[in-house]
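A quick write-up on the structure given underneath.
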Amino acid sequence: MAQLKQLEEYEAAKLREKEQENEMKDTSSKVKARIEPPPITVQIPRGIYLYGDVGTGKSLLMNMFYASLSLKKRCLHFHSLLQEIHSRIFELKKQILRSHGRSFHIDTSKDRNPIIQIAQQLSTEVTLLCIDEFQVTDVADAMILSQLFGELWRNGVVVVATSNRPPQDLYEDGLNRSYFLPFIDLLERYCLVVKLGTHHDSDDVKRSIDYRRIKSGIHNGDEKAHGDYYFLTSGNDSSAMLDQLFSNLQKSHSFTEQVSTSRDQTNCQLEHLELEVKFQRTIIIPRYHTNIIARFTFEELCTTELGSSDYQAIADNFQIVMIEEIPQLTLKYPDRARRFITLIDELYESGCCLVCSADEIPDHLFVGRVDSDTNRIVDITGESDDVAKLIFGIDVAQSQGMAVGELASVKELSFAFRRATSRLLEMCSKTWWMEKGVVLTESNVNNL
């Protein structure tokens with residue numbers, strides 16, 4: 001409560017300071033000299049960096065904190081933050097191009113630095129900035145974030161963030177990480193660092209409770225658990241089951257006023273839907289039913305050149321998403337794994353309900369990890385370290401026989417795997433569907 005009161009007092013003081021500046025601008029210099037009051041000194045509250053294992057309630061606590069405040073604020077997922085930064089840079093460069101033409105020379109001064117300008121814009125828009133799932137996986141993002149947040153903090157923005165990693169482990173073993181270390185120092189200076197979720201069990205072993213699993217009725221060690229709407233391709237005919245569920249969902253949400261009466265309501269729309277994506281791009285949705293449900297294969301979503309902005313467009317337009325033929329994800333194709341994890345994050349943040357068919361249960365779907373003792377890549381499918389290294393060939397510098405930056409990316413994947421598994425289980429559960437107001441009739445469920 002003290003932190004909430006301090007934030008509200010801080011914003012009120014900032015507003016008084018701004019009003020005072022405006023009054024001084026509107027006053028003649030003679031009058032100004034006579035009535036100018038002493039400047040207001042505003043003490044900036046520290047933010048919070050909340051980290052811990054998956055499913056321990058970090059996002060829930062941050063969202064409750066965010067909802068309790070009435071001030072200039074924004075809350076967004078880390079992917080959305082990066083999208084917005086790149087979008088603003090894109091618009092700023094277009095503006096410079098219109099104003100100065102292509103002959104405009106490169107100016108690296110602070111006044112012309114687009115990241116600094118964007119940070120200054122954000123500083124006027126918000127007092128509190130909340131970021132979910134903070135992570136750093138490549139050198140470009142590391143450099144952007146270092147400049148962006150340094151300027152935000154200098155301008156008095158209070159930052160609250162959640163993450164699976166403690167500050168000192170961010171961008172661990174990343175390429176040119178030394179340039180990122182000053183950001184970590186600033187983070188620990190401007191934010192209280194709080195660890196959440198770890199406890200000691202009867203064997204004095206540190207463990208974390210995944211509340212998403214408990215909420216979904218699935219617990220650790222349950223080898224056969226995979227959610228109410230998560231189907232295994234090795235069992236019954238999963239394709240036929242998804243066909244039936246797709247038909248049942250259309251019947252349960254029959255928006256006949258939006259669809260031609262001459263069209264068979266058990267089928268999806270005949271025309272492809274074209275959704276607008278950022279940066280003047282579009283994405284085609286081949287199978288869908290109004291704005292309720294869209295159906296894809298894993299190959300359509302994760303083996304093509306799609307990214308977080310595409311997945312966000314899907315999540316914003318549909319309440320239910322079906323994904324078929326999800327293979328077991330290994331380090332041999334890291335881009336596919338990253339796309340799938342990003343897709344799950346975007347669907348989760350938008351509150352979408354999920355139906356999946358996959359080769360393995362969620363706990364066995366992701367098989368790549370980093371051994372904490374040896375710091376080496378381990379893949380239980382038998383992929384060797386040498387094979388795994390080939391996929392990170394962009395980082396040619398070597399450290400102790402490994403490509404510099406390789407471990408940074410793979411370690412983040414390892415944490416992201418656990419987060420995606422936890423979210424998959426929750427989004428495919430009846431409990432999640434009921435929370436989102438999507439309820440199948442008992443007859444429709446029994447038909448599966």
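Every chain in the structure tokens has a letter given in the order shown (A, B, ...), and although residue numbers restart at 1 in each chain, ligands are simply numbered from 1 in the order shown.
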Close residues, A:Met322 itself excluded, 6 Å, only C-alpha atoms, min 5 positions apart in chain, as a list in words:
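What passes the distance filter is Arg295, Leu354, Val355 and Cys356 of chain A.
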Once DSSP has gone over the backbone, tell me which residues of stretch 112-238 of chain A are in alpha helix (DSSP H), as number ranges by chain.
A: 114-125, 139-154, 181-190, 211-216, 238
With DSSP run on the backbone, what are the strand (DSSP E or B) residues within stretch 118-222 of chain A? I'd like them as a PDB file with all heavy atoms, in the first residue's frame.
```pdb
ATOM      1  N   LEU A 128       4.003   5.121 -15.135  1.00  0.00           N
ATOM      2  CA  LEU A 128       4.287   3.738 -14.780  1.00  0.00           C
ATOM      3  C   LEU A 128       4.263   2.871 -16.028  1.00  0.00           C
ATOM      4  O   LEU A 128       3.300   2.910 -16.800  1.00  0.00           O
ATOM      5  CB  LEU A 128       3.248   3.221 -13.774  1.00  0.00           C
ATOM      6  CG  LEU A 128       3.279   1.728 -13.435  1.00  0.00           C
ATOM      7  CD1 LEU A 128       4.550   1.391 -12.662  1.00  0.00           C
ATOM      8  CD2 LEU A 128       2.041   1.328 -12.638  1.00  0.00           C
ATOM      9  N   LEU A 129       5.312   2.075 -16.225  1.00  0.00           N
ATOM     10  CA  LEU A 129       5.399   1.150 -17.354  1.00  0.00           C
ATOM     11  C   LEU A 129       5.590  -0.261 -16.808  1.00  0.00           C
ATOM     12  O   LEU A 129       6.592  -0.549 -16.153  1.00  0.00           O
ATOM     13  CB  LEU A 129       6.568   1.526 -18.275  1.00  0.00           C
ATOM     14  CG  LEU A 129       6.778   0.647 -19.508  1.00  0.00           C
ATOM     15  CD1 LEU A 129       5.571   0.712 -20.442  1.00  0.00           C
ATOM     16  CD2 LEU A 129       8.044   1.058 -20.261  1.00  0.00           C
ATOM     17  N   CYS A 130       4.605  -1.149 -17.068  1.00  0.00           N
ATOM     18  CA  CYS A 130       4.675  -2.541 -16.610  1.00  0.00           C
ATOM     19  C   CYS A 130       4.978  -3.447 -17.799  1.00  0.00           C
ATOM     20  O   CYS A 130       4.321  -3.335 -18.847  1.00  0.00           O
ATOM     21  CB  CYS A 130       3.360  -2.962 -15.969  1.00  0.00           C
ATOM     22  SG  CYS A 130       2.979  -2.097 -14.428  1.00  0.00           S
ATOM     23  N   ILE A 131       5.946  -4.342 -17.645  1.00  0.00           N
ATOM     24  CA  ILE A 131       6.384  -5.220 -18.730  1.00  0.00           C
ATOM     25  C   ILE A 131       6.379  -6.660 -18.246  1.00  0.00           C
ATOM     26  O   ILE A 131       7.005  -6.990 -17.227  1.00  0.00           O
ATOM     27  CB  ILE A 131       7.802  -4.840 -19.214  1.00  0.00           C
ATOM     28  CG1 ILE A 131       7.840  -3.368 -19.617  1.00  0.00           C
ATOM     29  CG2 ILE A 131       8.226  -5.727 -20.373  1.00  0.00           C
ATOM     30  CD1 ILE A 131       9.221  -2.810 -19.676  1.00  0.00           C
ATOM     31  N   ASP A 132       5.674  -7.518 -18.980  1.00  0.00           N
ATOM     32  CA  ASP A 132       5.577  -8.925 -18.604  1.00  0.00           C
ATOM     33  C   ASP A 132       6.568  -9.757 -19.410  1.00  0.00           C
ATOM     34  O   ASP A 132       6.767  -9.512 -20.605  1.00  0.00           O
ATOM     35  CB  ASP A 132       4.145  -9.414 -18.871  1.00  0.00           C
ATOM     36  CG  ASP A 132       3.833 -10.700 -18.131  1.00  0.00           C
ATOM     37  OD1 ASP A 132       4.532 -11.009 -17.152  1.00  0.00           O
ATOM     38  OD2 ASP A 132       2.887 -11.410 -18.531  1.00  0.00           O
ATOM     39  N   VAL A 158       8.637   5.059 -13.847  1.00  0.00           N
ATOM     40  CA  VAL A 158       8.749   3.932 -12.917  1.00  0.00           C
ATOM     41  C   VAL A 158       8.456   2.646 -13.685  1.00  0.00           C
ATOM     42  O   VAL A 158       7.428   2.526 -14.341  1.00  0.00           O
ATOM     43  CB  VAL A 158       7.763   4.083 -11.744  1.00  0.00           C
ATOM     44  CG1 VAL A 158       7.865   2.885 -10.801  1.00  0.00           C
ATOM     45  CG2 VAL A 158       8.034   5.384 -10.990  1.00  0.00           C
ATOM     46  N   VAL A 159       9.374   1.693 -13.609  1.00  0.00           N
ATOM     47  CA  VAL A 159       9.267   0.444 -14.370  1.00  0.00           C
ATOM     48  C   VAL A 159       9.009  -0.721 -13.422  1.00  0.00           C
ATOM     49  O   VAL A 159       9.710  -0.885 -12.424  1.00  0.00           O
ATOM     50  CB  VAL A 159      10.542   0.181 -15.192  1.00  0.00           C
ATOM     51  CG1 VAL A 159      10.460  -1.176 -15.894  1.00  0.00           C
ATOM     52  CG2 VAL A 159      10.762   1.297 -16.207  1.00  0.00           C
ATOM     53  N   VAL A 160       7.982  -1.513 -13.752  1.00  0.00           N
ATOM     54  CA  VAL A 160       7.698  -2.764 -13.044  1.00  0.00           C
ATOM     55  C   VAL A 160       7.754  -3.881 -14.079  1.00  0.00           C
ATOM     56  O   VAL A 160       7.120  -3.795 -15.130  1.00  0.00           O
ATOM     57  CB  VAL A 160       6.319  -2.740 -12.360  1.00  0.00           C
ATOM     58  CG1 VAL A 160       5.996  -4.103 -11.748  1.00  0.00           C
ATOM     59  CG2 VAL A 160       6.277  -1.648 -11.296  1.00  0.00           C
ATOM     60  N   ALA A 161       8.526  -4.934 -13.817  1.00  0.00           N
ATOM     61  CA  ALA A 161       8.720  -5.997 -14.805  1.00  0.00           C
ATOM     62  C   ALA A 161       8.689  -7.358 -14.142  1.00  0.00           C
ATOM     63  O   ALA A 161       9.025  -7.501 -12.960  1.00  0.00           O
ATOM     64  CB  ALA A 161      10.041  -5.804 -15.554  1.00  0.00           C
ATOM     65  N   THR A 162       8.269  -8.365 -14.922  1.00  0.00           N
ATOM     66  CA  THR A 162       8.366  -9.760 -14.480  1.00  0.00           C
ATOM     67  C   THR A 162       9.324 -10.504 -15.410  1.00  0.00           C
ATOM     68  O   THR A 162       9.466 -10.150 -16.578  1.00  0.00           O
ATOM     69  CB  THR A 162       6.996 -10.468 -14.498  1.00  0.00           C
ATOM     70  OG1 THR A 162       6.556 -10.629 -15.867  1.00  0.00           O
ATOM     71  CG2 THR A 162       5.962  -9.675 -13.731  1.00  0.00           C
ATOM     72  N   SER A 163       9.957 -11.543 -14.885  1.00  0.00           N
ATOM     73  CA  SER A 163      10.906 -12.305 -15.687  1.00  0.00           C
ATOM     74  C   SER A 163      11.152 -13.659 -15.035  1.00  0.00           C
ATOM     75  O   SER A 163      10.880 -13.848 -13.841  1.00  0.00           O
ATOM     76  CB  SER A 163      12.226 -11.544 -15.823  1.00  0.00           C
ATOM     77  OG  SER A 163      13.171 -12.286 -16.575  1.00  0.00           O
ATOM     78  N   CYS A 191      15.166  -0.353  -9.581  1.00  0.00           N
ATOM     79  CA  CYS A 191      14.108  -1.314  -9.269  1.00  0.00           C
ATOM     80  C   CYS A 191      14.476  -2.176  -8.065  1.00  0.00           C
ATOM     81  O   CYS A 191      15.633  -2.583  -7.915  1.00  0.00           O
ATOM     82  CB  CYS A 191      13.843  -2.240 -10.469  1.00  0.00           C
ATOM     83  SG  CYS A 191      13.133  -1.428 -11.904  1.00  0.00           S
ATOM     84  N   LEU A 192      13.496  -2.462  -7.239  1.00  0.00           N
ATOM     85  CA  LEU A 192      13.662  -3.467  -6.195  1.00  0.00           C
ATOM     86  C   LEU A 192      13.598  -4.841  -6.843  1.00  0.00           C
ATOM     87  O   LEU A 192      12.672  -5.127  -7.610  1.00  0.00           O
ATOM     88  CB  LEU A 192      12.551  -3.344  -5.149  1.00  0.00           C
ATOM     89  CG  LEU A 192      12.496  -2.046  -4.346  1.00  0.00           C
ATOM     90  CD1 LEU A 192      11.194  -1.971  -3.555  1.00  0.00           C
ATOM     91  CD2 LEU A 192      13.691  -1.943  -3.412  1.00  0.00           C
ATOM     92  N   VAL A 193      14.550  -5.685  -6.568  1.00  0.00           N
ATOM     93  CA  VAL A 193      14.600  -7.026  -7.161  1.00  0.00           C
ATOM     94  C   VAL A 193      14.011  -8.019  -6.165  1.00  0.00           C
ATOM     95  O   VAL A 193      14.509  -8.151  -5.042  1.00  0.00           O
ATOM     96  CB  VAL A 193      16.040  -7.414  -7.537  1.00  0.00           C
ATOM     97  CG1 VAL A 193      16.067  -8.822  -8.122  1.00  0.00           C
ATOM     98  CG2 VAL A 193      16.609  -6.405  -8.533  1.00  0.00           C
ATOM     99  N   VAL A 194      12.939  -8.692  -6.579  1.00  0.00           N
ATOM    100  CA  VAL A 194      12.217  -9.603  -5.686  1.00  0.00           C
ATOM    101  C   VAL A 194      12.084 -10.964  -6.357  1.00  0.00           C
ATOM    102  O   VAL A 194      11.636 -11.062  -7.503  1.00  0.00           O
ATOM    103  CB  VAL A 194      10.808  -9.058  -5.352  1.00  0.00           C
ATOM    104  CG1 VAL A 194      10.074 -10.018  -4.417  1.00  0.00           C
ATOM    105  CG2 VAL A 194      10.896  -7.666  -4.737  1.00  0.00           C
ATOM    106  N   LYS A 195      12.473 -12.024  -5.621  1.00  0.00           N
ATOM    107  CA  LYS A 195      12.308 -13.385  -6.122  1.00  0.00           C
ATOM    108  C   LYS A 195      11.015 -13.972  -5.571  1.00  0.00           C
ATOM    109  O   LYS A 195      10.698 -13.809  -4.400  1.00  0.00           O
ATOM    110  CB  LYS A 195      13.495 -14.257  -5.712  1.00  0.00           C
ATOM    111  CG  LYS A 195      13.448 -15.662  -6.302  1.00  0.00           C
ATOM    112  CD  LYS A 195      14.689 -16.463  -5.951  1.00  0.00           C
ATOM    113  CE  LYS A 195      14.650 -17.833  -6.614  1.00  0.00           C
ATOM    114  NZ  LYS A 195      15.846 -18.642  -6.300  1.00  0.00           N
ATOM    115  N   LEU A 196      10.278 -14.665  -6.445  1.00  0.00           N
ATOM    116  CA  LEU A 196       8.975 -15.200  -6.064  1.00  0.00           C
ATOM    117  C   LEU A 196       8.897 -16.695  -6.347  1.00  0.00           C
ATOM    118  O   LEU A 196       9.362 -17.160  -7.380  1.00  0.00           O
ATOM    119  CB  LEU A 196       7.873 -14.475  -6.861  1.00  0.00           C
ATOM    120  CG  LEU A 196       6.434 -14.843  -6.534  1.00  0.00           C
ATOM    121  CD1 LEU A 196       6.063 -14.339  -5.148  1.00  0.00           C
ATOM    122  CD2 LEU A 196       5.487 -14.237  -7.579  1.00  0.00           C
ATOM    123  N   THR A 198       9.943 -19.768  -4.810  1.00  0.00           N
ATOM    124  CA  THR A 198      10.772 -20.910  -4.417  1.00  0.00           C
ATOM    125  C   THR A 198      10.552 -21.263  -2.947  1.00  0.00           C
ATOM    126  O   THR A 198      10.489 -20.390  -2.093  1.00  0.00           O
ATOM    127  CB  THR A 198      12.257 -20.606  -4.651  1.00  0.00           C
ATOM    128  OG1 THR A 198      12.453 -20.290  -6.024  1.00  0.00           O
ATOM    129  CG2 THR A 198      13.120 -21.802  -4.299  1.00  0.00           C
ATOM    130  N   HIS A 199      10.419 -22.564  -2.672  1.00  0.00           N
ATOM    131  CA  HIS A 199      10.304 -23.038  -1.303  1.00  0.00           C
ATOM    132  C   HIS A 199      11.095 -24.328  -1.163  1.00  0.00           C
ATOM    133  O   HIS A 199      11.518 -24.924  -2.144  1.00  0.00           O
ATOM    134  CB  HIS A 199       8.836 -23.278  -0.935  1.00  0.00           C
ATOM    135  CG  HIS A 199       8.248 -24.465  -1.623  1.00  0.00           C
ATOM    136  ND1 HIS A 199       7.863 -24.429  -2.943  1.00  0.00           N
ATOM    137  CD2 HIS A 199       7.996 -25.730  -1.181  1.00  0.00           C
ATOM    138  CE1 HIS A 199       7.381 -25.621  -3.290  1.00  0.00           C
ATOM    139  NE2 HIS A 199       7.452 -26.422  -2.258  1.00  0.00           N
ATOM    140  N   HIS A 200      11.286 -24.783   0.063  1.00  0.00           N
ATOM    141  CA  HIS A 200      12.000 -26.035   0.333  1.00  0.00           C
ATOM    142  C   HIS A 200      10.989 -27.112   0.702  1.00  0.00           C
ATOM    143  O   HIS A 200      10.136 -26.909   1.569  1.00  0.00           O
ATOM    144  CB  HIS A 200      13.012 -25.851   1.476  1.00  0.00           C
ATOM    145  CG  HIS A 200      14.191 -25.022   1.103  1.00  0.00           C
ATOM    146  ND1 HIS A 200      14.127 -23.644   1.023  1.00  0.00           N
ATOM    147  CD2 HIS A 200      15.469 -25.368   0.773  1.00  0.00           C
ATOM    148  CE1 HIS A 200      15.314 -23.181   0.681  1.00  0.00           C
ATOM    149  NE2 HIS A 200      16.141 -24.200   0.526  1.00  0.00           N
ATOM    150  N   LYS A 206      14.941 -27.235  -3.327  1.00  0.00           N
ATOM    151  CA  LYS A 206      14.229 -26.032  -3.765  1.00  0.00           C
ATOM    152  C   LYS A 206      13.293 -26.376  -4.925  1.00  0.00           C
ATOM    153  O   LYS A 206      13.718 -26.924  -5.930  1.00  0.00           O
ATOM    154  CB  LYS A 206      15.221 -24.953  -4.202  1.00  0.00           C
ATOM    155  CG  LYS A 206      16.022 -24.355  -3.053  1.00  0.00           C
ATOM    156  CD  LYS A 206      16.906 -23.237  -3.549  1.00  0.00           C
ATOM    157  CE  LYS A 206      17.676 -22.592  -2.400  1.00  0.00           C
ATOM    158  NZ  LYS A 206      18.548 -21.488  -2.873  1.00  0.00           N
ATOM    159  N   ARG A 207      12.018 -26.019  -4.768  1.00  0.00           N
ATOM    160  CA  ARG A 207      11.035 -26.256  -5.808  1.00  0.00           C
ATOM    161  C   ARG A 207      10.100 -25.054  -5.894  1.00  0.00           C
ATOM    162  O   ARG A 207       9.984 -24.274  -4.955  1.00  0.00           O
ATOM    163  CB  ARG A 207      10.216 -27.524  -5.522  1.00  0.00           C
ATOM    164  CG  ARG A 207      11.036 -28.797  -5.402  1.00  0.00           C
ATOM    165  CD  ARG A 207      10.132 -30.013  -5.239  1.00  0.00           C
ATOM    166  NE  ARG A 207      10.882 -31.209  -4.916  1.00  0.00           N
ATOM    167  CZ  ARG A 207      11.506 -31.956  -5.811  1.00  0.00           C
ATOM    168  NH1 ARG A 207      11.453 -31.625  -7.093  1.00  0.00           N
ATOM    169  NH2 ARG A 207      12.171 -33.028  -5.441  1.00  0.00           N
ATOM    170  N   SER A 208       9.429 -24.937  -7.040  1.00  0.00           N
ATOM    171  CA  SER A 208       8.437 -23.893  -7.232  1.00  0.00           C
ATOM    172  C   SER A 208       7.114 -24.527  -7.614  1.00  0.00           C
ATOM    173  O   SER A 208       7.081 -25.508  -8.349  1.00  0.00           O
ATOM    174  CB  SER A 208       8.884 -22.912  -8.331  1.00  0.00           C
ATOM    175  OG  SER A 208      10.045 -22.223  -7.947  1.00  0.00           O
TER     176      SER A 208
END
```
Which one of A:Ser216, A:Ser422, A:Ser70, A:Gln312 sits closest to A:Thr127 if you count only C-alpha atoms?
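Among A:Ser216, A:Ser422, A:Ser70, A:Gln312, it is A:Ser70 that comes nearest to A:Thr127.
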Within 10 Å of A:Glu435, counting only C-alpha atoms, which residues qualify if same-chain residues fewer than 4 places away don't, as a ChimeraX atom specification?
/A:351,353,430-431,439
Need the shell around stretch 65-68 of chain A: protein/DNA/RNA residues with any atom at most 10 Å away, counting only C-alpha atoms. Skip same-chain ones fewer than 2 positions apart. Format as a VMD selection string?
chain A and resid 1 3 to 4 59 to 63 70 to 71 73 to 75 128 to 130 160
note - atom CA of A:Glu17 and atom CA of A:Gln43 are separated by 12.2 Å
Interatomic distance between atom CA of A:Leu306 and atom CA of A:Phe90?
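Result for atom CA of A:Leu306 versus atom CA of A:Phe90: 18.5 Å, one decimal.
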If we count only C-alpha atoms, what is near A:Ala140 at a cut-off of 12 Å, once residues fewer than 6 positions away on the same chain are taken out, given as JSON, numbers by chain?
{"A": [82, 86, 146, 147, 171, 174, 175, 176, 177, 179, 180, 405]}
Write out, as a tab-separated table (two decimals), in the first residue's frame, the residues just selected, with N, CA and C atoms.
```
chain	number	residue	atom	x	y	z
A	82	LEU	N	8.76	-4.56	-27.76
A	82	LEU	CA	9.72	-4.52	-28.86
A	82	LEU	C	9.04	-4.15	-30.18
A	86	HIS	N	10.11	-0.86	-32.45
A	86	HIS	CA	10.50	-0.95	-33.86
A	86	HIS	C	9.50	-0.19	-34.74
A	146	SER	N	19.10	-1.18	-23.52
A	146	SER	CA	20.03	-0.44	-22.67
A	146	SER	C	19.83	1.07	-22.82
A	147	GLN	N	19.72	1.54	-24.06
A	147	GLN	CA	19.52	2.97	-24.31
A	147	GLN	C	18.12	3.41	-23.91
A	171	TYR	N	20.65	-12.01	-20.57
A	171	TYR	CA	21.57	-12.05	-21.71
A	171	TYR	C	22.89	-12.74	-21.34
A	174	GLY	N	25.83	-13.83	-23.76
A	174	GLY	CA	25.45	-13.23	-25.04
A	174	GLY	C	26.61	-12.55	-25.73
A	175	LEU	N	26.46	-12.35	-27.02
A	175	LEU	CA	27.48	-11.68	-27.82
A	175	LEU	C	27.63	-10.23	-27.38
A	176	ASN	N	28.87	-9.79	-27.11
A	176	ASN	CA	29.16	-8.43	-26.65
A	176	ASN	C	28.36	-8.06	-25.40
A	177	ARG	N	28.25	-9.00	-24.47
A	177	ARG	CA	27.44	-8.76	-23.27
A	177	ARG	C	28.00	-7.62	-22.43
A	179	TYR	N	28.67	-4.73	-23.21
A	179	TYR	CA	27.97	-3.48	-23.50
A	179	TYR	C	26.61	-3.42	-22.81
A	180	PHE	N	26.11	-4.58	-22.38
A	180	PHE	CA	24.79	-4.66	-21.75
A	180	PHE	C	24.87	-4.55	-20.23
A	405	GLY	N	27.36	-16.17	-27.78
A	405	GLY	CA	25.97	-15.82	-28.02
A	405	GLY	C	25.08	-17.03	-28.17
```
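The interatomic distance for the pair atom CA of A:Ile284 and atom CA of A:Leu232 works out to 27.0 Å.
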Looking at A:Asp53, A:Glu346, A:Lys278, A:Ser178, which one is nearest to A:Arg88, with distances taken over only C-alpha atoms?
A:Lys278
Nearest to A:Ala240: which of A:Asp185, A:Arg338, A:Glu324, A:Asp228 is it, counting only C-alpha atoms?
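Going through A:Asp185, A:Arg338, A:Glu324, A:Asp228 one by one, the smallest distance to A:Ala240 is for A:Glu324.
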From the list A:Leu170, A:Leu424, A:Ile314, A:Leu81, which residue is nearest A:Ala142 when using only C-alpha atoms?
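Comparing A:Leu170, A:Leu424, A:Ile314, A:Leu81 against A:Ala142, the winner is A:Leu170.
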